[in-house]
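Visitor: Supplied structure: entry-v4.txt, compact mmCIF, C-alpha atoms.
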```txt
# COMPACT_ATOMS: atom_id res chain seq x y z
CA MET H 1363 79.77 80.78 135.82
CA ALA H 1364 81.17 81.40 132.41
CA GLY H 1365 84.76 80.42 131.82
CA PRO H 1366 87.51 82.79 130.76
CA VAL H 1367 87.47 84.15 127.26
CA SER H 1368 90.13 82.59 125.03
CA ARG H 1369 92.67 85.05 123.68
CA GLY H 1370 94.42 82.61 121.40
CA ARG H 1371 94.53 82.48 117.63
CA PRO H 1372 91.13 82.35 115.89
CA PRO H 1373 90.10 78.80 114.99
CA ASP H 1374 90.56 79.31 111.23
CA ALA H 1375 93.89 81.14 111.44
CA LEU H 1376 96.10 78.04 111.67
CA PRO H 1377 94.69 76.25 108.58
CA VAL H 1378 94.93 79.46 106.57
CA LEU H 1379 98.52 80.05 107.71
CA THR H 1380 99.42 76.46 106.88
CA TYR H 1381 97.88 76.82 103.42
CA VAL H 1382 99.83 80.05 102.75
CA ILE H 1383 103.13 78.55 103.92
CA ARG H 1384 102.57 75.43 101.84
CA ARG H 1385 101.89 77.51 98.73
CA LEU H 1386 104.96 79.71 99.37
CA ILE H 1387 107.20 76.65 99.66
CA ALA H 1388 105.70 75.17 96.49
CA ALA H 1389 106.27 78.46 94.63
CA ALA H 1390 109.91 78.61 95.76
CA MET H 1391 110.53 75.01 94.68
CA LEU H 1392 108.86 75.67 91.35
CA LEU H 1393 111.14 78.66 90.73
CA ILE H 1394 114.18 76.46 91.39
CA VAL H 1395 112.87 73.87 88.93
CA VAL H 1396 112.21 76.60 86.36
CA SER H 1397 115.76 77.92 86.81
CA MET H 1398 117.12 74.42 86.14
CA ILE H 1399 115.00 74.11 83.00
CA VAL H 1400 116.04 77.55 81.75
CA PHE H 1401 119.72 76.78 82.40
CA THR H 1402 119.38 73.44 80.63
CA ILE H 1403 117.81 75.04 77.55
CA PHE H 1404 120.55 77.65 77.17
CA TYR H 1405 123.63 75.72 78.31
CA VAL H 1406 122.98 71.96 78.10
CA PHE H 1407 120.93 71.62 74.93
CA PRO H 1408 123.62 73.35 72.81
CA ARG H 1409 126.13 70.77 74.10
CA TRP H 1410 123.83 67.97 73.03
CA ALA H 1411 123.55 69.61 69.61
CA GLY H 1412 127.34 69.51 69.19
CA ALA H 1413 128.42 72.86 70.65
CA THR H 1414 131.79 73.03 72.38
CA PRO H 1415 133.04 75.36 75.11
CA GLU H 1416 134.82 77.36 72.40
CA THR H 1417 131.68 77.86 70.31
CA LEU H 1418 129.78 78.95 73.43
CA ALA H 1419 132.55 81.40 74.29
CA THR H 1420 132.35 83.07 70.86
CA ARG H 1421 129.04 84.64 71.97
CA TYR H 1422 130.99 86.65 74.53
CA VAL H 1423 134.24 87.53 72.71
CA GLY H 1424 132.97 87.97 69.15
CA ARG H 1425 133.46 85.82 66.07
CA THR H 1426 136.58 87.70 64.95
CA ALA H 1427 138.58 86.68 68.04
CA THR H 1428 141.53 84.32 67.69
CA ALA H 1429 141.32 80.67 68.73
CA GLU H 1430 143.60 81.34 71.71
CA THR H 1431 141.41 84.22 72.89
CA VAL H 1432 138.29 82.08 72.60
CA HIS H 1433 139.94 79.22 74.52
CA LEU H 1434 141.03 81.54 77.36
CA ALA H 1435 137.54 83.10 77.52
CA ALA H 1436 135.95 79.64 77.76
CA GLN H 1437 138.26 78.82 80.67
CA ARG H 1438 137.57 82.08 82.53
CA LEU H 1439 133.80 81.73 82.05
CA GLY H 1440 133.85 78.16 83.39
CA PHE H 1441 132.59 76.41 80.27
CA TYR H 1442 135.00 73.52 80.89
CA ASP H 1443 133.54 72.90 84.36
CA PRO H 1444 130.94 70.15 84.92
CA ILE H 1445 127.36 71.19 84.18
CA TRP H 1446 126.29 71.07 87.83
CA VAL H 1447 129.18 73.36 88.80
CA GLN H 1448 128.20 75.83 86.08
CA TYR H 1449 124.59 75.79 87.27
CA TRP H 1450 125.57 76.30 90.91
CA ASN H 1451 127.81 79.25 90.03
CA TRP H 1452 125.04 80.79 87.93
CA PHE H 1453 122.36 80.17 90.58
CA LYS H 1454 124.59 81.45 93.41
CA ALA H 1455 125.28 84.67 91.50
CA ILE H 1456 121.59 85.59 91.73
CA PHE H 1457 121.98 86.02 95.51
CA VAL H 1458 125.64 86.97 96.03
CA GLY H 1459 126.72 88.41 92.67
CA SER H 1460 129.56 87.28 90.45
CA THR H 1461 132.91 88.42 89.06
CA TYR H 1462 134.05 87.74 85.48
CA ASP H 1463 137.74 87.71 84.57
CA MET H 1464 137.97 88.85 80.97
CA GLY H 1465 141.75 88.90 80.88
CA THR H 1466 142.13 92.62 80.25
CA SER H 1467 139.58 93.61 82.89
CA ILE H 1468 137.57 92.30 85.84
CA GLU H 1469 133.82 92.73 85.42
CA HIS H 1470 131.64 92.63 88.54
CA CYS H 1471 127.94 91.80 88.50
CA PRO H 1472 126.34 92.72 91.86
CA ALA H 1473 123.46 90.76 93.36
CA PRO H 1474 120.87 90.07 92.16
CA CYS H 1475 122.94 89.02 89.16
CA LEU H 1476 120.71 87.59 86.41
CA GLY H 1477 123.61 87.66 83.96
CA TYR H 1478 126.19 90.00 82.50
CA SER H 1479 125.98 91.20 78.90
CA PHE H 1480 129.47 91.09 77.43
CA GLN H 1481 128.23 92.89 74.32
CA SER H 1482 126.99 96.01 76.14
CA LYS H 1483 129.41 95.58 79.09
CA THR H 1484 126.58 95.95 81.61
CA PRO H 1485 124.78 93.68 84.10
CA VAL H 1486 121.36 92.50 83.00
CA TRP H 1487 119.45 93.35 86.21
CA PRO H 1488 119.76 97.19 85.94
CA ASP H 1489 118.58 96.97 82.32
CA LEU H 1490 115.52 95.00 83.42
CA LEU H 1491 114.76 97.55 86.16
CA ASP H 1492 115.01 100.33 83.59
CA ARG H 1493 112.59 98.64 81.18
CA ALA H 1494 110.18 97.18 83.77
CA PRO H 1495 108.15 100.40 84.46
CA VAL H 1496 107.06 100.54 80.81
CA THR H 1497 105.86 96.94 80.82
CA PHE H 1498 104.25 97.25 84.26
CA SER H 1499 102.38 100.40 83.18
CA LEU H 1500 101.17 98.73 80.00
CA ALA H 1501 100.03 95.57 81.82
CA ALA H 1502 98.34 97.44 84.69
CA GLY H 1503 96.28 99.79 82.54
CA ALA H 1504 95.27 97.17 79.99
CA SER H 1505 94.31 94.60 82.66
CA ILE H 1506 91.98 97.06 84.40
CA ILE H 1507 90.25 97.89 81.11
CA TRP H 1508 89.82 94.32 79.92
CA LEU H 1509 88.54 93.15 83.31
CA LEU H 1510 85.94 95.92 83.54
CA PHE H 1511 84.70 95.60 79.97
CA GLY H 1512 85.14 91.87 79.54
CA VAL H 1513 83.41 90.82 82.75
CA THR H 1514 80.64 93.42 82.39
CA VAL H 1515 79.85 92.42 78.82
CA GLY H 1516 79.97 88.73 79.75
CA VAL H 1517 77.52 89.17 82.64
CA VAL H 1518 75.06 91.23 80.58
CA SER H 1519 75.27 88.75 77.70
CA ALA H 1520 74.54 85.84 80.04
CA VAL H 1521 71.59 87.60 81.65
CA ARG H 1522 70.21 88.57 78.23
CA LYS H 1523 71.03 85.32 76.47
CA GLY H 1524 69.87 85.27 72.85
CA SER H 1525 69.17 89.03 72.72
CA LEU H 1526 70.52 91.43 70.13
CA PHE H 1527 73.12 92.68 72.64
CA ASP H 1528 74.28 89.13 73.31
CA ARG H 1529 74.70 88.32 69.63
CA ALA H 1530 76.45 91.61 68.84
CA ALA H 1531 78.79 91.35 71.85
CA MET H 1532 79.82 87.77 71.03
CA THR H 1533 80.40 88.73 67.38
CA VAL H 1534 82.70 91.57 68.44
CA ALA H 1535 84.40 89.23 70.92
CA LEU H 1536 85.03 86.69 68.17
CA ALA H 1537 86.56 89.43 66.01
CA GLY H 1538 88.73 90.57 68.92
CA ILE H 1539 90.08 87.07 69.48
CA SER H 1540 90.72 86.50 65.76
CA LEU H 1541 92.55 89.76 64.96
CA PRO H 1542 96.25 89.74 65.95
CA ILE H 1543 97.64 92.60 68.02
CA TYR H 1544 100.09 93.76 65.35
CA PHE H 1545 97.18 94.26 62.93
CA THR H 1546 94.84 96.10 65.30
CA GLY H 1547 97.78 98.08 66.68
CA LEU H 1548 98.94 99.35 63.30
CA VAL H 1549 95.39 100.16 62.20
CA SER H 1550 94.77 102.02 65.47
CA LEU H 1551 97.97 104.01 65.06
CA ALA H 1552 97.11 104.93 61.47
CA VAL H 1553 93.58 106.06 62.34
CA PHE H 1554 93.63 107.51 65.84
CA SER H 1555 97.20 108.80 66.07
CA TYR H 1556 98.29 109.87 62.60
CA ALA H 1557 94.96 110.58 60.86
CA LEU H 1558 92.82 112.01 63.70
CA GLY H 1559 95.53 112.98 66.18
CA TRP H 1560 93.48 111.82 69.18
CA THR H 1561 96.18 109.68 70.78
CA ALA H 1562 99.95 109.80 71.15
CA PRO H 1563 102.02 108.28 68.33
CA GLY H 1564 104.05 105.13 68.84
CA GLY H 1565 107.32 105.32 70.72
CA SER H 1566 106.20 107.93 73.24
CA TYR H 1567 106.30 107.16 76.96
CA THR H 1568 106.31 109.48 79.98
CA PRO H 1569 107.06 108.05 83.44
CA LEU H 1570 104.19 108.10 85.91
CA THR H 1571 106.19 110.06 88.49
CA THR H 1572 107.04 112.78 85.96
CA ASN H 1573 103.56 113.57 84.63
CA PRO H 1574 100.64 111.22 85.43
CA ALA H 1575 98.35 112.80 82.83
CA GLN H 1576 100.95 112.52 80.07
CA TRP H 1577 101.75 108.97 81.24
CA ALA H 1578 98.12 107.92 80.73
CA TYR H 1579 97.86 109.79 77.42
CA SER H 1580 100.99 108.14 75.99
CA LEU H 1581 99.72 104.64 76.88
CA LEU H 1582 96.01 105.11 76.11
CA LEU H 1583 96.09 103.58 72.63
CA PRO H 1584 98.32 100.61 73.61
CA TRP H 1585 96.01 99.98 76.57
CA ILE H 1586 92.88 99.96 74.42
CA THR H 1587 94.45 97.87 71.67
CA LEU H 1588 95.82 95.27 74.07
CA SER H 1589 92.66 95.17 76.20
CA PHE H 1590 90.50 94.67 73.08
CA LEU H 1591 92.11 91.27 72.56
CA PHE H 1592 91.77 90.19 76.19
CA SER H 1593 88.33 91.74 76.74
CA ALA H 1594 86.95 89.50 74.02
CA THR H 1595 88.36 86.41 75.70
CA TYR H 1596 87.12 87.39 79.16
CA ALA H 1597 83.66 88.25 77.85
CA ARG H 1598 83.29 84.75 76.44
CA PHE H 1599 84.68 83.12 79.61
CA THR H 1600 82.39 85.18 81.85
CA ARG H 1601 79.34 84.48 79.72
CA ALA H 1602 79.98 80.71 79.73
CA GLY H 1603 80.64 80.67 83.46
CA MET H 1604 77.55 82.73 84.25
CA LEU H 1605 75.30 80.53 82.13
CA GLU H 1606 76.56 77.46 83.97
CA THR H 1607 76.35 79.04 87.41
CA MET H 1608 72.88 80.52 86.97
CA ASN H 1609 71.48 77.01 86.51
CA GLU H 1610 72.78 75.78 89.88
CA ASP H 1611 70.40 74.77 92.66
CA TYR H 1612 71.54 77.49 95.07
CA ILE H 1613 70.69 80.16 92.48
CA ARG H 1614 67.15 78.83 92.20
CA THR H 1615 66.96 78.76 96.00
CA ALA H 1616 68.07 82.38 96.18
CA ARG H 1617 65.39 83.36 93.65
CA ALA H 1618 62.76 81.39 95.60
CA LYS H 1619 63.65 83.34 98.75
CA GLY H 1620 62.68 86.52 96.96
CA LEU H 1621 66.14 88.07 96.67
CA PRO H 1622 66.43 90.89 94.10
CA SER H 1623 67.60 89.83 90.65
CA ARG H 1624 70.68 92.05 90.86
CA THR H 1625 71.72 90.44 94.17
CA VAL H 1626 71.26 86.95 92.78
CA THR H 1627 73.26 87.78 89.64
CA LEU H 1628 76.16 89.71 91.15
CA LYS H 1629 76.53 88.31 94.66
CA HIS H 1630 75.77 84.65 93.98
CA GLY H 1631 76.05 84.04 90.25
CA LEU H 1632 79.11 86.17 89.44
CA ARG H 1633 81.03 85.00 92.50
CA GLY H 1634 80.63 81.40 91.43
CA ALA H 1635 81.75 82.21 87.89
CA LEU H 1636 84.84 84.17 88.95
CA THR H 1637 87.07 81.19 89.77
CA PRO H 1638 88.08 80.38 86.16
CA ILE H 1639 88.33 84.12 85.41
CA VAL H 1640 90.81 84.62 88.24
CA THR H 1641 92.82 81.62 87.06
CA VAL H 1642 93.13 82.91 83.50
CA PHE H 1643 93.78 86.46 84.72
CA GLY H 1644 96.72 85.31 86.83
CA LEU H 1645 98.31 83.58 83.85
CA ASP H 1646 97.66 86.47 81.46
CA LEU H 1647 98.97 89.11 83.83
CA GLY H 1648 102.07 87.06 84.59
CA LEU H 1649 102.80 86.69 80.89
CA LEU H 1650 102.33 90.42 80.28
CA LEU H 1651 104.59 91.37 83.18
CA GLY H 1652 107.25 89.19 81.60
CA GLY H 1653 106.97 91.29 78.44
CA ALA H 1654 104.15 92.17 76.05
CA VAL H 1655 106.37 91.43 73.06
CA LEU H 1656 104.02 92.14 70.14
CA THR H 1657 102.40 95.21 71.71
CA GLU H 1658 105.69 96.82 72.70
CA LYS H 1659 107.19 96.09 69.29
CA THR H 1660 104.13 97.47 67.47
CA PHE H 1661 104.04 100.72 69.49
CA SER H 1662 107.86 100.99 69.83
CA LEU H 1663 107.73 100.93 73.64
CA ASN H 1664 111.06 100.21 75.33
CA GLY H 1665 109.78 97.62 77.76
CA LEU H 1666 110.79 94.08 78.61
CA GLY H 1667 109.18 92.69 75.46
CA LYS H 1668 111.19 94.90 73.12
CA TYR H 1669 114.27 94.24 75.26
CA THR H 1670 113.79 90.51 74.64
CA VAL H 1671 113.38 90.96 70.89
CA ASP H 1672 116.55 93.08 70.70
CA ALA H 1673 118.49 90.52 72.76
CA ILE H 1674 117.40 87.69 70.47
CA GLY H 1675 118.37 89.73 67.39
CA ASN H 1676 121.84 90.38 68.86
CA GLN H 1677 122.17 86.78 70.13
CA ASP H 1678 122.95 88.19 73.58
CA LEU H 1679 122.51 85.02 75.63
CA PRO H 1680 122.83 86.51 79.15
CA ARG H 1681 120.11 89.08 78.44
CA ILE H 1682 117.79 86.41 77.01
CA LEU H 1683 118.45 84.19 80.01
CA GLY H 1684 117.81 87.01 82.49
CA VAL H 1685 114.52 88.16 81.03
CA THR H 1686 113.34 84.55 80.69
CA LEU H 1687 113.97 83.91 84.38
CA LEU H 1688 112.25 87.17 85.33
CA ALA H 1689 109.20 86.29 83.22
CA ALA H 1690 109.05 82.86 84.88
CA PHE H 1691 109.11 84.56 88.29
CA PHE H 1692 106.13 86.75 87.38
CA ILE H 1693 104.12 83.77 86.15
CA VAL H 1694 104.85 81.73 89.29
CA PHE H 1695 104.09 84.72 91.54
CA SER H 1696 100.82 85.42 89.72
CA ASN H 1697 99.75 81.81 90.15
CA LEU H 1698 100.61 82.02 93.85
CA VAL H 1699 98.38 85.08 94.25
CA VAL H 1700 95.60 83.28 92.37
CA ASP H 1701 95.86 80.27 94.70
CA LEU H 1702 95.56 82.55 97.72
CA LEU H 1703 92.59 84.38 96.20
CA TYR H 1704 90.72 81.11 95.77
CA ALA H 1705 90.16 81.01 99.52
CA VAL H 1706 88.42 84.39 99.32
CA ILE H 1707 86.39 83.84 96.16
CA ASP H 1708 85.42 80.20 96.57
CA PRO H 1709 84.58 79.15 100.17
CA ARG H 1710 84.92 75.47 99.17
CA VAL H 1711 88.73 75.95 98.94
```
As structure tokens, please, write out the structure in this file.
Guide:
Amino acid sequence: MAGPVSRGRPPDALPVLTYVIRRLIAAAMLLIVVSMIVFTIFYVFPRWAGATPETLATRYVGRTATAETVHLAAQRLGFYDPIWVQYWNWFKAIFVGSTYDMGTSIEHCPAPCLGYSFQSKTPVWPDLLDRAPVTFSLAAGASIIWLLFGVTVGVVSAVRKGSLFDRAAMTVALAGISLPIYFTGLVSLAVFSYALGWTAPGGSYTPLTTNPAQWAYSLLLPWITLSFLFSATYARFTRAGMLETMNEDYIRTARAKGLPSRTVTLKHGLRGALTPIVTVFGLDLGLLLGGAVLTEKTFSLNGLGKYTVDAIGNQDLPRILGVTLLAAFFIVFSNLVVDLLYAVIDPRV
């Protein structure tokens, strides 16, 4: 007589759950390490270079302030405290917020507090939330285009190795990698926006929730220009990976079994070549989410990239620190997603 049917967790659920938890813990620890490195770069390195609490405080009170005002500001901002105390206060503010005593006023930075800009008198986090939709829209649209075109061209080039299409595609890919974004962006604006009038001029952005069609139209040229650079890279990666994978023993076995050529290429060959593509895609998308600096500057888009450039020009340290930490979070999160996708793409993981 057959025994009772087990209603417990499937056999593979526990290893998968353990793998996910382990990766989540590693990602959290990595973010803490990144926060220490970022804090060290902006607060410890200047001390090693000879900066004093007073010179650090001048970034927040202005260079025309008196010596007494600068000294009081350095005391209120905690620049005389030990470095580990300053780091703990800065790290704690991310979760519980912080209050800054400026003498004449009390400035509150609610959680999550990634810094407070004393030049604009505003917390950094709301500014990042205001600029993030532009950068997210730019990264999302461009990534879809470069994945579709780059992977497709790479697969066709590998299947038709040495053909006219292969040579032409790799030539265009080499040109796409070589040309910088600020060159192709300006040329595209001059031709397609100002000469032909086919696309929206630079500096125009419509939120997705306001008008989806106008949102896509305003970002069409930045999407194409940015994806042209990445499509070239992904086409070369895909082609190299496909050429290596198609020579594996299991591919020859699949052909010997009589499977259709399309099935062998897409189901077996492309799946094996996707692992390095997913790795690079996670890094590229994380970097773009942190701010597509050159693209946003070229097309005058008020995203995180342009926000960073403006903060550097104004020497606004809290804004630079906040956007740096946010960009690091996106990169770590993208790598976490990539690690989890490995288990789906590559059964060996």
Visitor: If I take atom CA of Asn1451 of chain H and atom CA of Met1398 of chain H, how far is one from the other in Å, to one decimal?
Guide: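 Between atom CA of Asn1451 of chain H and atom CA of Met1398 of chain H the gap is 12.4 Å.
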Visitor: Quick one: which segment 1619-1685 of chain H residues come within 7 Å of segment 1553-1574 of chain H, and what is the nearest atom pair for each with the distance in Å to one decimal, counting only C-alpha atoms, rows ordered by chain and ascending number, as a Markdown table?
Guide:
```
| residue | atom | partner | partner_atom | distance |
| --- | --- | --- | --- | --- |
| H:Phe1661 | CA | H:Gly1564 | CA | 4.5 |
| H:Ser1662 | CA | H:Gly1565 | CA | 4.5 |
| H:Leu1663 | CA | H:Gly1565 | CA | 5.3 |
```
Visitor: For Leu1510 of chain H, find every residue with an atom within 12 Å (counting all atoms listed in the file), except residues of its own chain fewer than 5 positions away, and show them as a ChimeraX atom specification.
Guide: /H:1503-1505,1515-1517,1589-1590,1592-1594,1596-1597,1600
Visitor: Which of these residues is nearest to Ile1539 of chain H, using only C-alpha atoms: H:Thr1587, H:Thr1484, H:Thr1431, H:Asn1609?
Guide: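 The shortest atom-to-atom distance to Ile1539 of chain H comes from H:Thr1587.
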Visitor: Show me, as a short mmCIF file (atom, residue, chain, number, x, y, z; two decimals) with C-alpha atoms, in the coordinates of the input, the residues that have an atom within 12 Å of Leu1439 of chain H when counting only C-alpha atoms, minus same-chain residues fewer than 5 positions from it.
Guide:
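Result went into part.cif, see below:
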```
data_model
loop_
_atom_site.label_atom_id
_atom_site.label_comp_id
_atom_site.auth_asym_id
_atom_site.auth_seq_id
_atom_site.Cartn_x
_atom_site.Cartn_y
_atom_site.Cartn_z
CA PRO H 1415 133.04 75.36 75.11
CA GLU H 1416 134.82 77.36 72.40
CA LEU H 1418 129.78 78.95 73.43
CA ALA H 1419 132.55 81.40 74.29
CA THR H 1420 132.35 83.07 70.86
CA ARG H 1421 129.04 84.64 71.97
CA TYR H 1422 130.99 86.65 74.53
CA VAL H 1423 134.24 87.53 72.71
CA VAL H 1432 138.29 82.08 72.60
CA HIS H 1433 139.94 79.22 74.52
CA LEU H 1434 141.03 81.54 77.36
CA VAL H 1447 129.18 73.36 88.80
CA GLN H 1448 128.20 75.83 86.08
CA ASN H 1451 127.81 79.25 90.03
CA TRP H 1452 125.04 80.79 87.93
CA SER H 1460 129.56 87.28 90.45
CA THR H 1461 132.91 88.42 89.06
CA TYR H 1462 134.05 87.74 85.48
CA ASP H 1463 137.74 87.71 84.57
CA MET H 1464 137.97 88.85 80.97
CA GLY H 1465 141.75 88.90 80.88
CA ILE H 1468 137.57 92.30 85.84
CA GLU H 1469 133.82 92.73 85.42
CA GLY H 1477 123.61 87.66 83.96
CA TYR H 1478 126.19 90.00 82.50
CA PHE H 1480 129.47 91.09 77.43
#
```
